[in-house]
>>> print(open('coords.txt').read())   # compact mmCIF, C-alpha atoms and all ligand atoms
# COMPACT_ATOMS: atom_id res chain seq x y z
CA MET A 1 9.22 161.00 85.74
CA PRO A 2 11.21 162.63 88.56
CA ASN A 3 12.39 160.53 91.47
CA GLN A 4 10.37 160.62 94.68
CA PHE A 5 12.97 160.67 97.40
CA THR A 6 11.85 159.99 100.93
CA LEU A 7 14.95 160.83 102.92
CA THR A 8 16.02 164.34 103.77
CA LEU A 9 19.51 165.55 104.55
CA PRO A 10 20.23 164.65 108.16
CA SER A 11 22.53 167.62 108.73
CA GLU A 12 20.22 169.42 111.15
CA ARG A 13 20.96 166.69 113.73
CA SER A 14 24.71 166.87 113.28
CA ALA A 15 25.08 169.36 116.12
CA LEU A 16 24.33 166.47 118.49
CA SER A 17 27.29 164.40 117.36
CA PRO A 18 30.96 165.29 117.76
CA THR A 19 32.10 162.48 115.45
CA ILE A 20 31.18 163.19 111.87
CA ALA A 21 31.87 162.01 108.35
CA SER A 22 31.24 164.95 106.07
CA ILE A 23 30.64 163.92 102.49
CA SER A 24 31.14 166.31 99.63
CA LEU A 25 28.52 165.73 96.96
CA PRO A 26 30.36 168.19 94.67
CA ALA A 27 33.42 165.89 94.98
CA LEU A 28 31.24 162.92 94.03
CA ALA A 29 30.00 164.86 91.00
CA HIS A 30 33.55 165.84 90.10
CA ASN A 31 34.72 162.22 90.30
CA LEU A 32 31.84 161.11 88.11
CA GLY A 33 33.01 163.70 85.60
CA GLU A 34 36.48 162.17 85.74
CA VAL A 35 35.06 158.70 85.04
CA GLN A 36 33.15 160.14 82.07
CA ARG A 37 36.24 161.95 80.80
CA LEU A 38 38.13 158.66 80.53
CA LEU A 39 35.38 156.81 78.64
CA PRO A 40 34.22 156.85 75.04
CA PRO A 41 30.93 158.77 74.81
CA GLN A 42 28.71 155.77 74.14
CA CYS A 43 29.97 153.83 77.19
CA GLU A 44 27.36 153.66 79.99
CA ILE A 45 28.16 153.87 83.70
CA LEU A 46 26.78 151.59 86.38
CA ALA A 47 27.61 153.25 89.70
CA VAL A 48 28.55 150.77 92.41
CA VAL A 49 26.84 151.88 95.63
CA LYS A 50 27.06 148.67 97.64
CA ALA A 51 28.17 148.63 101.29
CA ASP A 52 26.27 151.85 101.98
CA GLY A 53 27.99 153.59 99.12
CA TYR A 54 31.42 152.50 100.41
CA GLY A 55 30.49 154.08 103.73
CA HIS A 56 29.37 157.38 102.20
CA GLY A 57 25.64 156.71 102.60
CA GLY A 58 24.34 154.63 99.70
CA LEU A 59 20.96 156.33 99.53
CA MET A 60 22.36 159.84 99.34
CA VAL A 61 25.05 158.77 96.89
CA ALA A 62 22.54 157.05 94.61
CA GLU A 63 20.11 159.95 94.86
CA THR A 64 22.87 162.40 93.90
CA LEU A 65 24.15 160.27 91.03
CA SER A 66 20.61 159.79 89.78
CA ARG A 67 20.19 163.57 89.68
CA LEU A 68 23.46 163.69 87.74
CA GLY A 69 22.09 161.35 85.09
CA ILE A 70 23.27 157.90 86.20
CA ARG A 71 20.72 155.32 85.08
CA ARG A 72 22.21 152.13 86.52
CA PHE A 73 23.28 151.17 90.02
CA GLY A 74 25.09 148.12 91.31
CA VAL A 75 24.64 146.60 94.76
CA THR A 76 25.67 143.31 96.30
CA THR A 77 22.55 142.17 98.11
CA VAL A 78 18.82 142.12 97.52
CA GLN A 79 18.38 144.13 100.75
CA GLU A 80 20.61 146.89 99.41
CA GLY A 81 18.51 146.99 96.24
CA VAL A 82 15.26 147.09 98.20
CA ALA A 83 16.59 149.99 100.30
CA LEU A 84 17.37 151.97 97.14
CA ARG A 85 13.92 151.29 95.68
CA GLU A 86 12.19 152.26 98.92
CA HIS A 87 14.21 155.46 98.90
CA GLY A 88 12.81 156.33 95.48
CA ILE A 89 15.52 155.18 93.10
CA ARG A 90 13.72 154.18 89.90
CA GLU A 91 16.75 153.40 87.79
CA SER A 92 18.02 149.95 86.94
CA ILE A 93 19.51 148.16 89.98
CA LEU A 94 21.83 145.20 89.42
CA VAL A 95 22.23 142.75 92.33
CA MET A 96 25.77 141.52 91.78
CA GLY A 97 26.36 139.33 94.80
CA GLY A 98 24.03 136.42 94.14
CA VAL A 99 20.42 135.69 95.04
CA PHE A 100 19.16 132.93 97.32
CA PRO A 101 15.86 131.14 96.54
CA PHE A 102 14.13 132.80 99.51
CA GLN A 103 14.98 136.25 98.06
CA LEU A 104 13.51 135.71 94.61
CA SER A 105 10.03 137.07 95.32
CA GLU A 106 11.45 140.32 96.73
CA LEU A 107 13.85 140.58 93.83
CA ILE A 108 10.92 140.46 91.42
CA GLN A 109 8.63 142.63 93.54
CA TYR A 110 11.26 145.38 93.59
CA THR A 111 12.25 144.86 89.93
CA LEU A 112 15.89 144.24 90.78
CA ILE A 113 18.05 142.69 88.07
CA PRO A 114 19.99 139.63 89.18
CA VAL A 115 23.43 138.56 88.12
CA LEU A 116 23.16 134.82 87.53
CA HIS A 117 26.07 132.56 88.28
CA ASP A 118 24.48 129.13 88.12
CA GLU A 119 21.67 127.16 86.55
CA ASP A 120 19.77 126.49 89.77
CA THR A 121 19.21 130.19 90.40
CA ALA A 122 18.10 130.71 86.80
CA GLN A 123 15.67 127.82 87.15
CA GLY A 124 14.36 129.13 90.47
CA LEU A 125 13.90 132.61 89.04
CA ALA A 126 12.04 131.26 86.01
CA GLU A 127 9.68 129.38 88.30
CA ALA A 128 9.12 132.42 90.49
CA LEU A 129 8.29 134.37 87.32
CA ARG A 130 5.63 131.89 86.16
CA GLY A 131 2.76 133.67 84.45
CA ARG A 132 4.60 136.98 84.11
CA VAL A 133 5.38 138.71 80.86
CA PRO A 134 7.53 140.18 79.37
CA PRO A 135 10.80 138.26 79.88
CA TYR A 136 12.75 139.32 82.97
CA PRO A 137 16.16 140.94 82.33
CA VAL A 138 19.19 139.18 83.81
CA HIS A 139 22.95 139.50 83.58
CA ILE A 140 25.28 136.53 83.50
CA LYS A 141 28.65 136.58 85.16
CA ILE A 142 31.43 134.37 83.95
CA ASP A 143 34.49 133.54 85.99
CA THR A 144 37.61 134.46 84.05
CA GLY A 145 40.04 134.40 86.96
CA MET A 146 38.55 135.77 90.16
CA ARG A 147 37.49 132.26 91.27
CA ARG A 148 34.63 133.71 93.25
CA LEU A 149 31.16 133.80 91.67
CA GLY A 150 30.63 133.09 88.00
CA LEU A 151 29.85 130.44 85.43
CA PRO A 152 32.76 128.56 83.91
CA PRO A 153 33.30 130.21 80.49
CA GLU A 154 32.89 126.93 78.64
CA LYS A 155 29.40 126.45 80.07
CA THR A 156 28.08 129.88 79.12
CA LEU A 157 26.76 129.05 75.65
CA SER A 158 24.77 126.00 76.73
CA PHE A 159 23.45 127.96 79.71
CA VAL A 160 22.18 130.78 77.50
CA GLN A 161 20.76 128.32 74.98
CA SER A 162 18.57 126.72 77.63
CA PRO A 163 14.79 127.10 77.10
CA LEU A 164 14.72 129.47 80.10
CA PHE A 165 16.17 132.17 77.85
CA ASN A 166 13.48 131.54 75.31
CA GLY A 167 10.61 132.96 77.26
CA ARG A 168 11.00 133.84 80.92
CA LEU A 169 14.52 135.27 81.07
CA GLN A 170 16.14 137.80 78.80
CA LEU A 171 19.90 138.22 78.60
CA GLU A 172 20.56 141.93 79.16
CA GLY A 173 24.24 141.73 80.04
CA LEU A 174 27.30 139.54 80.12
CA MET A 175 29.95 140.41 82.69
CA THR A 176 33.08 139.30 84.43
CA HIS A 177 35.10 140.78 87.30
CA LEU A 178 38.78 141.70 87.15
CA ALA A 179 40.90 140.29 89.95
CA ASP A 180 44.16 142.21 89.61
CA ALA A 181 43.74 145.07 87.17
CA ASP A 182 45.91 147.54 89.12
CA ASN A 183 48.91 145.24 88.91
CA PRO A 184 51.73 146.89 86.95
CA ASP A 185 52.06 143.57 85.16
CA PRO A 186 48.96 143.49 82.92
CA ASP A 187 49.20 139.85 81.81
CA PHE A 188 46.60 138.34 84.13
CA THR A 189 44.07 141.06 83.29
CA LEU A 190 44.70 140.74 79.57
CA ALA A 191 44.09 136.99 79.83
CA GLN A 192 40.82 137.64 81.66
CA ILE A 193 39.70 140.11 78.98
CA LYS A 194 40.65 137.70 76.20
CA GLN A 195 38.66 134.89 77.75
CA PHE A 196 35.67 137.17 78.24
CA GLN A 197 35.77 138.38 74.64
CA ALA A 198 36.04 134.79 73.41
CA VAL A 199 32.80 133.89 75.22
CA ALA A 200 31.07 137.03 73.92
CA ASP A 201 32.16 136.15 70.36
CA GLN A 202 30.96 132.58 70.80
CA LEU A 203 27.50 133.77 71.90
CA ARG A 204 27.26 136.28 69.07
CA SER A 205 28.29 133.65 66.51
CA ALA A 206 25.47 131.50 67.85
CA GLY A 207 23.08 134.38 67.09
CA ILE A 208 22.55 135.42 70.74
CA PRO A 209 22.28 139.19 71.16
CA ILE A 210 24.08 140.66 74.19
CA PRO A 211 22.91 144.22 74.78
CA LEU A 212 25.57 145.00 77.42
CA LEU A 213 29.09 143.71 77.91
CA HIS A 214 30.84 144.82 81.10
CA VAL A 215 34.15 144.10 82.74
CA ALA A 216 35.70 147.25 84.16
CA ASN A 217 35.90 148.22 87.81
CA THR A 218 37.93 151.31 88.79
CA ALA A 219 41.24 149.64 87.94
CA GLY A 220 39.86 148.57 84.56
CA ILE A 221 38.65 152.10 83.85
CA LEU A 222 41.97 153.66 84.87
CA PHE A 223 44.46 151.20 83.46
CA HIS A 224 42.77 149.13 80.74
CA PRO A 225 40.93 151.17 78.08
CA GLU A 226 40.22 147.90 76.28
CA THR A 227 37.67 147.21 79.06
CA HIS A 228 35.64 150.31 78.14
CA LEU A 229 32.91 148.24 76.51
CA GLY A 230 29.19 149.04 76.54
CA LEU A 231 29.15 149.57 80.32
CA VAL A 232 31.66 150.07 83.14
CA ARG A 233 31.19 149.58 86.90
CA PRO A 234 33.14 152.19 88.87
CA GLY A 235 33.07 152.04 92.64
CA ILE A 236 35.96 153.44 94.61
CA MET A 237 36.96 156.12 92.09
CA LEU A 238 33.53 157.73 92.39
CA TYR A 239 34.37 158.29 96.05
CA GLY A 240 37.72 159.81 95.15
CA HIS A 241 40.17 156.96 95.70
CA THR A 242 42.07 154.36 93.73
CA PRO A 243 42.41 150.68 94.64
CA THR A 244 45.94 150.72 96.02
CA GLY A 245 47.25 154.17 95.22
CA VAL A 246 50.50 152.80 93.84
CA LYS A 247 50.00 152.87 90.09
CA PRO A 248 50.07 156.29 88.37
CA HIS A 249 46.94 157.36 86.52
CA THR A 250 45.49 160.48 84.93
CA ALA A 251 42.22 160.84 86.86
CA ARG A 252 42.10 163.90 89.12
CA LEU A 253 40.05 162.46 91.95
CA GLN A 254 38.77 164.29 95.01
CA PRO A 255 38.21 162.25 98.20
CA ALA A 256 34.54 162.76 99.06
CA MET A 257 34.71 161.92 102.76
CA ARG A 258 36.33 163.73 105.68
CA LEU A 259 36.19 162.09 109.12
CA PHE A 260 36.59 164.29 112.18
CA THR A 261 35.69 164.65 115.83
CA LYS A 262 36.40 166.96 118.77
CA VAL A 263 38.82 166.65 121.67
CA ILE A 264 36.75 165.79 124.76
CA GLN A 265 39.44 166.07 127.43
CA VAL A 266 43.13 166.95 127.76
CA ARG A 267 45.09 165.53 130.69
CA SER A 268 48.63 165.56 131.97
CA VAL A 269 50.41 162.31 132.77
CA GLY A 270 53.83 161.59 134.25
CA VAL A 271 56.91 159.81 132.96
CA GLY A 272 56.45 156.03 132.83
CA ASP A 273 52.63 156.18 132.98
CA ARG A 274 50.84 153.32 131.23
CA LEU A 275 48.04 154.43 128.93
CA SER A 276 44.74 152.80 127.93
CA TYR A 277 43.81 149.10 128.03
CA GLN A 278 46.61 146.70 128.91
CA GLY A 279 48.77 149.75 129.62
CA ALA A 280 50.21 148.99 126.24
CA PHE A 281 51.85 152.39 125.86
CA ARG A 282 54.28 153.69 128.47
CA THR A 283 55.17 157.38 128.43
CA THR A 284 58.86 158.30 128.21
CA ARG A 285 58.30 161.92 129.19
CA ALA A 286 55.74 163.98 131.09
CA SER A 287 52.98 164.17 128.50
CA ARG A 288 49.74 165.85 127.56
CA ILE A 289 47.22 163.39 126.29
CA ALA A 290 44.00 164.33 124.49
CA VAL A 291 40.99 162.02 124.51
CA LEU A 292 38.93 161.67 121.31
CA PRO A 293 35.38 160.25 121.31
CA ILE A 294 35.94 157.78 118.47
CA GLY A 295 36.98 154.14 118.68
CA TYR A 296 36.66 150.82 116.95
CA ALA A 297 32.88 150.76 117.42
CA HIS A 298 32.77 153.75 115.08
CA GLY A 299 34.75 151.72 112.56
CA TYR A 300 38.19 153.17 113.29
CA SER A 301 40.30 150.05 113.39
CA ARG A 302 41.97 148.94 116.62
CA ARG A 303 44.88 147.84 114.42
CA LEU A 304 45.79 151.55 114.31
CA SER A 305 46.67 151.52 118.03
CA ASP A 306 50.12 153.12 118.37
CA LYS A 307 50.30 153.39 114.57
CA GLY A 308 47.73 155.91 113.36
CA MET A 309 48.09 159.69 113.22
CA VAL A 310 45.49 162.40 113.72
CA LEU A 311 45.47 166.07 112.71
CA VAL A 312 45.01 168.65 115.46
CA ARG A 313 45.80 172.34 115.15
CA ASN A 314 47.10 171.60 111.63
CA CYS A 315 49.73 169.16 112.94
CA ARG A 316 50.07 165.37 112.81
CA VAL A 317 50.03 163.78 116.24
CA PRO A 318 50.29 160.07 117.12
CA ILE A 319 47.63 157.79 118.55
CA VAL A 320 49.01 156.31 121.79
CA GLY A 321 47.87 153.18 123.60
CA ASN A 322 45.21 150.75 122.54
CA ILE A 323 42.23 152.19 120.73
CA CYS A 324 39.10 151.49 122.79
CA MET A 325 35.57 150.76 121.68
CA ASP A 326 34.49 154.39 122.03
CA MET A 327 37.62 156.46 122.53
CA MET A 328 41.27 156.85 121.72
CA LEU A 329 44.20 158.82 123.09
CA ILE A 330 46.53 161.09 121.18
CA ASP A 331 49.80 162.61 122.34
CA VAL A 332 49.60 166.41 122.14
CA THR A 333 52.60 167.15 124.36
CA ASP A 334 54.22 169.21 121.61
CA LEU A 335 51.04 171.26 121.06
CA PRO A 336 50.42 173.02 124.40
CA GLN A 337 47.56 175.07 122.95
CA VAL A 338 45.32 172.00 122.33
CA GLN A 339 42.13 172.14 124.42
CA PRO A 340 38.76 170.38 124.68
CA GLY A 341 36.55 171.22 121.71
CA ASP A 342 39.42 171.39 119.22
CA GLU A 343 38.77 169.63 115.94
CA ALA A 344 40.66 166.37 115.36
CA VAL A 345 40.74 165.01 111.81
CA LEU A 346 41.04 161.25 111.37
CA MET A 347 40.79 161.30 107.57
CA GLY A 348 40.95 164.28 105.25
CA LYS A 349 42.55 167.70 105.30
CA GLN A 350 43.26 170.18 108.06
CA GLY A 351 45.28 173.23 107.11
CA SER A 352 48.02 172.08 104.79
CA GLU A 353 48.11 168.56 106.27
CA GLU A 354 46.15 165.57 105.01
CA ILE A 355 45.54 162.01 106.12
CA SER A 356 44.30 159.94 103.21
CA ALA A 357 42.35 156.69 103.14
CA GLN A 358 45.50 155.26 101.61
CA ASP A 359 47.55 156.40 104.66
CA LEU A 360 45.04 154.75 107.00
CA ALA A 361 45.08 151.61 104.89
CA GLY A 362 48.88 151.49 104.83
CA TRP A 363 49.17 151.84 108.61
CA GLN A 364 46.90 148.85 109.16
CA ASP A 365 48.02 146.66 106.26
CA SER A 366 44.71 147.04 104.48
CA ILE A 367 43.18 148.81 101.48
CA PRO A 368 41.18 152.05 101.16
CA TYR A 369 37.99 150.02 100.52
CA GLU A 370 38.09 148.54 104.02
CA VAL A 371 38.92 151.88 105.61
CA LEU A 372 35.94 153.58 103.97
CA CYS A 373 33.26 150.97 104.34
CA SER A 374 34.21 150.19 107.95
CA ILE A 375 33.04 153.62 109.08
CA GLY A 376 29.86 152.61 110.79
CA PRO A 377 26.43 154.00 111.63
CA ARG A 378 27.67 155.54 114.89
CA VAL A 379 29.44 158.17 112.80
CA HIS A 380 27.03 160.87 111.80
CA ARG A 381 27.04 161.67 108.06
CA ILE A 382 26.55 165.21 106.87
CA TYR A 383 26.46 166.21 103.23
CA GLU A 384 27.82 169.20 101.42
CA PRO A 385 25.11 169.74 98.81
CA LEU A 386 25.58 170.18 95.09
CA PRO A 387 25.65 173.85 94.06
C1 LIG A 401 31.27 143.02 90.57
C2 LIG A 401 31.87 144.34 90.92
N1 LIG A 401 31.97 145.28 89.99
C3 LIG A 401 32.51 146.49 90.26
C4 LIG A 401 33.01 146.78 91.52
C5 LIG A 401 33.63 148.13 91.77
O1 LIG A 401 34.99 147.99 92.03
P1 LIG A 401 35.89 149.28 92.34
O2 LIG A 401 35.41 149.81 93.64
O3 LIG A 401 37.27 148.75 92.41
O4 LIG A 401 35.66 150.23 91.23
C6 LIG A 401 32.95 145.81 92.51
C7 LIG A 401 33.54 146.07 93.83
O5 LIG A 401 34.28 145.31 94.39
C8 LIG A 401 32.36 144.55 92.21
O6 LIG A 401 32.28 143.59 93.15
>>> encode(input="coords.txt", output="C-alpha cells")
Amino acid sequence: MPNQFTLTLPSERSALSPTIASISLPALAHNLGEVQRLLPPQCEILAVVKADGYGHGGLMVAETLSRLGIRRFGVTTVQEGVALREHGIRESILVMGGVFPFQLSELIQYTLIPVLHDEDTAQGLAEALRGRVPPYPVHIKIDTGMRRLGLPPEKTLSFVQSPLFNGRLQLEGLMTHLADADNPDPDFTLAQIKQFQAVADQLRSAGIPIPLLHVANTAGILFHPETHLGLVRPGIMLYGHTPTGVKPHTARLQPAMRLFTKVIQVRSVGVGDRLSYQGAFRTTRASRIAVLPIGYAHGYSRRLSDKGMVLVRNCRVPIVGNICMDMMLIDVTDLPQVQPGDEAVLMGKQGSEEISAQDLAGWQDSIPYEVLCSIGPRVHRIYEPLP
C-alpha cells in the first residue's frame, strides 16, 4: 500500500526567509546508492533519521528514503517515531535510545519497535502488552564497549531465555554500537565485533533464532566489511559526510545540505574600531563589514566567532567579532563589490570554493554530526526534489 504523506514541500514559503538550508534529495539518493554499493546484496539498510534527519528534516528524509525502497528507520526517541508515523511512514521504526515506562502505551499504539537494554523495560513492555497477540517484536542491544546503553554480554542469554520471550515479546534483532570504528587502529572495533559474535553464537547454540544481527554505523560500513551482517544502520553517510573525515574510504559521497543567507547591510568602519559584543574584534585597517542575518540562535555556533569563514562573491572571507544570537559580521574589505542582497554561503559550494561540514567542525573543535544537527528550526529548509 502506498504511503499517505501529510506534509508538502515547504519551498513556496522560502521567499520569506533569507537564511536557508537547501537539501538535495538527489544527493540523498546518490548517497544511499553508495551505501548499497558497499554492501552484499542480502544486507538490509536501516536508515538513521534521528535528530530531525541530522538536521536535514527527518520527515522529508524518511519520506524520500521510503520512496527509494528503504523499509526500516532508526530514531532515538518515541516522539521521533510518533512524528514519522503521523507523517505517514508505514515502515518499521526502531526506537534506539531507550523507552521510559510512561512512553510504553504510545510505543505500542504507534507500533514502534523498542531496543531493550534492561529487564525492567522488558517487563514493563510485557505488562503493557497484556492481552495482545501476536508477540511484539523487540531488538536487544548489548554493550560491547560503548559503555552507554546495553545489556552486559554475559547476561544476554538468560535475558532472552526469560518467559517474557516465550509469549509476549519476540526477538527480532540483536545489536551493538561501535564506539571507535573510524580509528585507524582497528583493535578496539575488532574486539567489539568478536564479543558481539560470541553472544550471537551463544544464543544460536541455545536454539534461539535471531532474525537480524546489526552492528555497523557509517564507520562500520566504510571501514569494517565484517560488520555487514543482516542489517546495517547508516546515518551520517546518507547525508554525504563521514564521521571525522580523516580516514580514506571509497564511498563517493555528496553533501546533501547547503546553508546560505543574504548580506543585509554593508558598512564602513575606521581603524581601531571595536566590532560586535564585547568589542572583541578591533580593526587594524579601515574596513568594510557586511552583516549577515544568521547567528547562534539559527544553530551557527558562537565558537566560530573570529574563526569561521563564509563564501561571498566566490571568495572566502572571515567572520569578525563575536557571533550574536541573530547576526554575524564578516570582513569584506578586500571585496569592494559586495552589496546588500549578495548570497553568503556558510556551508556548501559557491563558485569553485567550498566550506564543508568538516571545515566547520574543525574550526570549532567538534564533529560534522554536531554541525549538521545544530542547524535549528529558524533556518528554513527547502528541498531539491528527486528527478
Ligand atoms: C545506535 C546507532 N546506530 C547507528 C547510528 C548511525 O551512526 P552514523 O551516523 O555514524 O552512521 C547511530 C548514531 O549515532 C546510533 O546511535
>>> residues_around(input="coords.txt", residues="Gly33 of chain A", least_positions_apart="6", cutoff="12 Å", atoms="all atoms listed in the file", output="compact mmCIF listing (two decimals) with C-alpha atoms, in the coordinates of the input")
# COMPACT_ATOMS: atom_id res chain seq x y z
CA PRO A 26 30.36 168.19 94.67
CA ALA A 27 33.42 165.89 94.98
CA LEU A 39 35.38 156.81 78.64
CA ILE A 45 28.16 153.87 83.70
CA LEU A 65 24.15 160.27 91.03
CA LEU A 68 23.46 163.69 87.74
CA GLY A 69 22.09 161.35 85.09
CA ILE A 70 23.27 157.90 86.20
CA PRO A 234 33.14 152.19 88.87
CA MET A 237 36.96 156.12 92.09
CA LEU A 238 33.53 157.73 92.39
CA TYR A 239 34.37 158.29 96.05
CA GLY A 240 37.72 159.81 95.15
CA ALA A 251 42.22 160.84 86.86
CA ARG A 252 42.10 163.90 89.12
CA LEU A 253 40.05 162.46 91.95
CA GLN A 254 38.77 164.29 95.01
>>> closest_atom_pairs(input="coords.txt", of="segment 230-286 of chain A", to="segment 372-379 of chain A", cutoff="12 Å", atoms="only C-alpha atoms", output="Markdown table")
| residue | atom | partner | partner_atom | distance |
| --- | --- | --- | --- | --- |
| A:Gly235 | CA | A:Cys373 | CA | 11.8 |
| A:Ile236 | CA | A:Leu372 | CA | 9.4 |
| A:Tyr239 | CA | A:Leu372 | CA | 9.3 |
| A:Gly240 | CA | A:Leu372 | CA | 10.9 |
| A:His241 | CA | A:Leu372 | CA | 9.9 |
| A:Thr242 | CA | A:Leu372 | CA | 12.0 |
| A:Pro243 | CA | A:Leu372 | CA | 11.7 |
| A:Pro255 | CA | A:Leu372 | CA | 10.7 |
| A:Ala256 | CA | A:Leu372 | CA | 10.5 |
| A:Met257 | CA | A:Leu372 | CA | 8.5 |
| A:Arg258 | CA | A:Leu372 | CA | 10.3 |
| A:Leu259 | CA | A:Val379 | CA | 8.6 |
| A:Phe260 | CA | A:Val379 | CA | 9.4 |
| A:Thr261 | CA | A:Val379 | CA | 9.5 |
>>> write_last_selection(input="coords.txt", atoms="C-alpha atoms", output="PDB file, keeping the file's coordinate frame")
ATOM      1  CA  GLY A 235      33.070 152.040  92.640  1.00  0.00           C
ATOM      2  CA  ILE A 236      35.960 153.440  94.610  1.00  0.00           C
ATOM      3  CA  TYR A 239      34.370 158.290  96.050  1.00  0.00           C
ATOM      4  CA  GLY A 240      37.720 159.810  95.150  1.00  0.00           C
ATOM      5  CA  HIS A 241      40.170 156.960  95.700  1.00  0.00           C
ATOM      6  CA  THR A 242      42.070 154.360  93.730  1.00  0.00           C
ATOM      7  CA  PRO A 243      42.410 150.680  94.640  1.00  0.00           C
ATOM      8  CA  PRO A 255      38.210 162.250  98.200  1.00  0.00           C
ATOM      9  CA  ALA A 256      34.540 162.760  99.060  1.00  0.00           C
ATOM     10  CA  MET A 257      34.710 161.920 102.760  1.00  0.00           C
ATOM     11  CA  ARG A 258      36.330 163.730 105.680  1.00  0.00           C
ATOM     12  CA  LEU A 259      36.190 162.090 109.120  1.00  0.00           C
ATOM     13  CA  PHE A 260      36.590 164.290 112.180  1.00  0.00           C
ATOM     14  CA  THR A 261      35.690 164.650 115.830  1.00  0.00           C
TER      15      THR A 261
END
>>> axis_aligned_box(input="coords.txt", around="ligand LIG 401 (chain A)", padding_each_side="8 Å", output="lines of an AutoDock Vina configuration file")
center_x = 34.3
center_y = 146.6
center_z = 92.2
size_x = 22.0
size_y = 23.2
size_z = 20.4
>>> closest_residue(input="coords.txt", among="A:Ser92, A:Thr333, A:Gln123, A:Asn217", to="ligand LIG 401 (chain A)", atoms="all atoms listed in the file")
A:Asn217
>>> closest_atom_pairs(input="coords.txt", of="chain A", to="ligand LIG 401 (chain A)", cutoff="10 Å", atoms="all atoms listed in the file", output="JSON lines")
{"residue": "A:Leu46", "atom": "CA", "partner": "A:LIG401", "partner_atom": "C3", "distance": 8.6}
{"residue": "A:Ala47", "atom": "CA", "partner": "A:LIG401", "partner_atom": "C5", "distance": 8.2}
{"residue": "A:Val48", "atom": "CA", "partner": "A:LIG401", "partner_atom": "C5", "distance": 5.8}
{"residue": "A:Val49", "atom": "CA", "partner": "A:LIG401", "partner_atom": "C5", "distance": 8.7}
{"residue": "A:Lys50", "atom": "CA", "partner": "A:LIG401", "partner_atom": "C7", "distance": 8.0}
{"residue": "A:Ala51", "atom": "CA", "partner": "A:LIG401", "partner_atom": "C7", "distance": 9.5}
{"residue": "A:Gly53", "atom": "CA", "partner": "A:LIG401", "partner_atom": "O2", "distance": 10.0}
{"residue": "A:Tyr54", "atom": "CA", "partner": "A:LIG401", "partner_atom": "O2", "distance": 8.3}
{"residue": "A:Gly74", "atom": "CA", "partner": "A:LIG401", "partner_atom": "N1", "distance": 7.6}
{"residue": "A:Val75", "atom": "CA", "partner": "A:LIG401", "partner_atom": "O6", "distance": 8.4}
{"residue": "A:Thr76", "atom": "CA", "partner": "A:LIG401", "partner_atom": "O6", "distance": 7.3}
{"residue": "A:Leu94", "atom": "CA", "partner": "A:LIG401", "partner_atom": "C1", "distance": 9.8}
{"residue": "A:Val95", "atom": "CA", "partner": "A:LIG401", "partner_atom": "C1", "distance": 9.2}
{"residue": "A:Met96", "atom": "CA", "partner": "A:LIG401", "partner_atom": "C1", "distance": 5.8}
{"residue": "A:Gly97", "atom": "CA", "partner": "A:LIG401", "partner_atom": "C1", "distance": 7.5}
{"residue": "A:Val115", "atom": "CA", "partner": "A:LIG401", "partner_atom": "C1", "distance": 9.3}
{"residue": "A:Lys141", "atom": "CA", "partner": "A:LIG401", "partner_atom": "C1", "distance": 8.8}
{"residue": "A:Leu149", "atom": "CA", "partner": "A:LIG401", "partner_atom": "C1", "distance": 9.3}
{"residue": "A:Met175", "atom": "CA", "partner": "A:LIG401", "partner_atom": "C1", "distance": 8.4}
{"residue": "A:Thr176", "atom": "CA", "partner": "A:LIG401", "partner_atom": "C1", "distance": 7.4}
{"residue": "A:His177", "atom": "CA", "partner": "A:LIG401", "partner_atom": "C1", "distance": 5.5}
{"residue": "A:Leu178", "atom": "CA", "partner": "A:LIG401", "partner_atom": "N1", "distance": 8.2}
{"residue": "A:Ala179", "atom": "CA", "partner": "A:LIG401", "partner_atom": "O5", "distance": 9.4}
{"residue": "A:Asp180", "atom": "CA", "partner": "A:LIG401", "partner_atom": "O3", "distance": 9.9}
{"residue": "A:Ala181", "atom": "CA", "partner": "A:LIG401", "partner_atom": "O3", "distance": 9.1}
{"residue": "A:Asp182", "atom": "CA", "partner": "A:LIG401", "partner_atom": "O3", "distance": 9.3}
{"residue": "A:His214", "atom": "CA", "partner": "A:LIG401", "partner_atom": "N1", "distance": 9.0}
{"residue": "A:Val215", "atom": "CA", "partner": "A:LIG401", "partner_atom": "N1", "distance": 7.7}
{"residue": "A:Ala216", "atom": "CA", "partner": "A:LIG401", "partner_atom": "C3", "distance": 6.9}
{"residue": "A:Asn217", "atom": "CA", "partner": "A:LIG401", "partner_atom": "O4", "distance": 4.0}
{"residue": "A:Thr218", "atom": "CA", "partner": "A:LIG401", "partner_atom": "O4", "distance": 3.5}
{"residue": "A:Ala219", "atom": "CA", "partner": "A:LIG401", "partner_atom": "O3", "distance": 6.0}
{"residue": "A:Gly220", "atom": "CA", "partner": "A:LIG401", "partner_atom": "O4", "distance": 8.1}
{"residue": "A:Ile221", "atom": "CA", "partner": "A:LIG401", "partner_atom": "O4", "distance": 8.2}
{"residue": "A:Leu222", "atom": "CA", "partner": "A:LIG401", "partner_atom": "O4", "distance": 9.6}
{"residue": "A:Val232", "atom": "CA", "partner": "A:LIG401", "partner_atom": "C3", "distance": 8.0}
{"residue": "A:Arg233", "atom": "CA", "partner": "A:LIG401", "partner_atom": "C3", "distance": 4.8}
{"residue": "A:Pro234", "atom": "CA", "partner": "A:LIG401", "partner_atom": "O4", "distance": 4.0}
{"residue": "A:Gly235", "atom": "CA", "partner": "A:LIG401", "partner_atom": "O2", "distance": 3.4}
{"residue": "A:Ile236", "atom": "CA", "partner": "A:LIG401", "partner_atom": "O2", "distance": 3.8}
{"residue": "A:Met237", "atom": "CA", "partner": "A:LIG401", "partner_atom": "O4", "distance": 6.1}
{"residue": "A:Leu238", "atom": "CA", "partner": "A:LIG401", "partner_atom": "O4", "distance": 7.9}
{"residue": "A:Tyr239", "atom": "CA", "partner": "A:LIG401", "partner_atom": "O2", "distance": 8.9}
{"residue": "A:His241", "atom": "CA", "partner": "A:LIG401", "partner_atom": "O2", "distance": 8.8}
{"residue": "A:Thr242", "atom": "CA", "partner": "A:LIG401", "partner_atom": "O3", "distance": 7.5}
{"residue": "A:Pro243", "atom": "CA", "partner": "A:LIG401", "partner_atom": "O3", "distance": 5.9}
{"residue": "A:Thr244", "atom": "CA", "partner": "A:LIG401", "partner_atom": "O3", "distance": 9.6}
{"residue": "A:Pro368", "atom": "CA", "partner": "A:LIG401", "partner_atom": "O2", "distance": 9.7}
{"residue": "A:Tyr369", "atom": "CA", "partner": "A:LIG401", "partner_atom": "O2", "distance": 7.4}
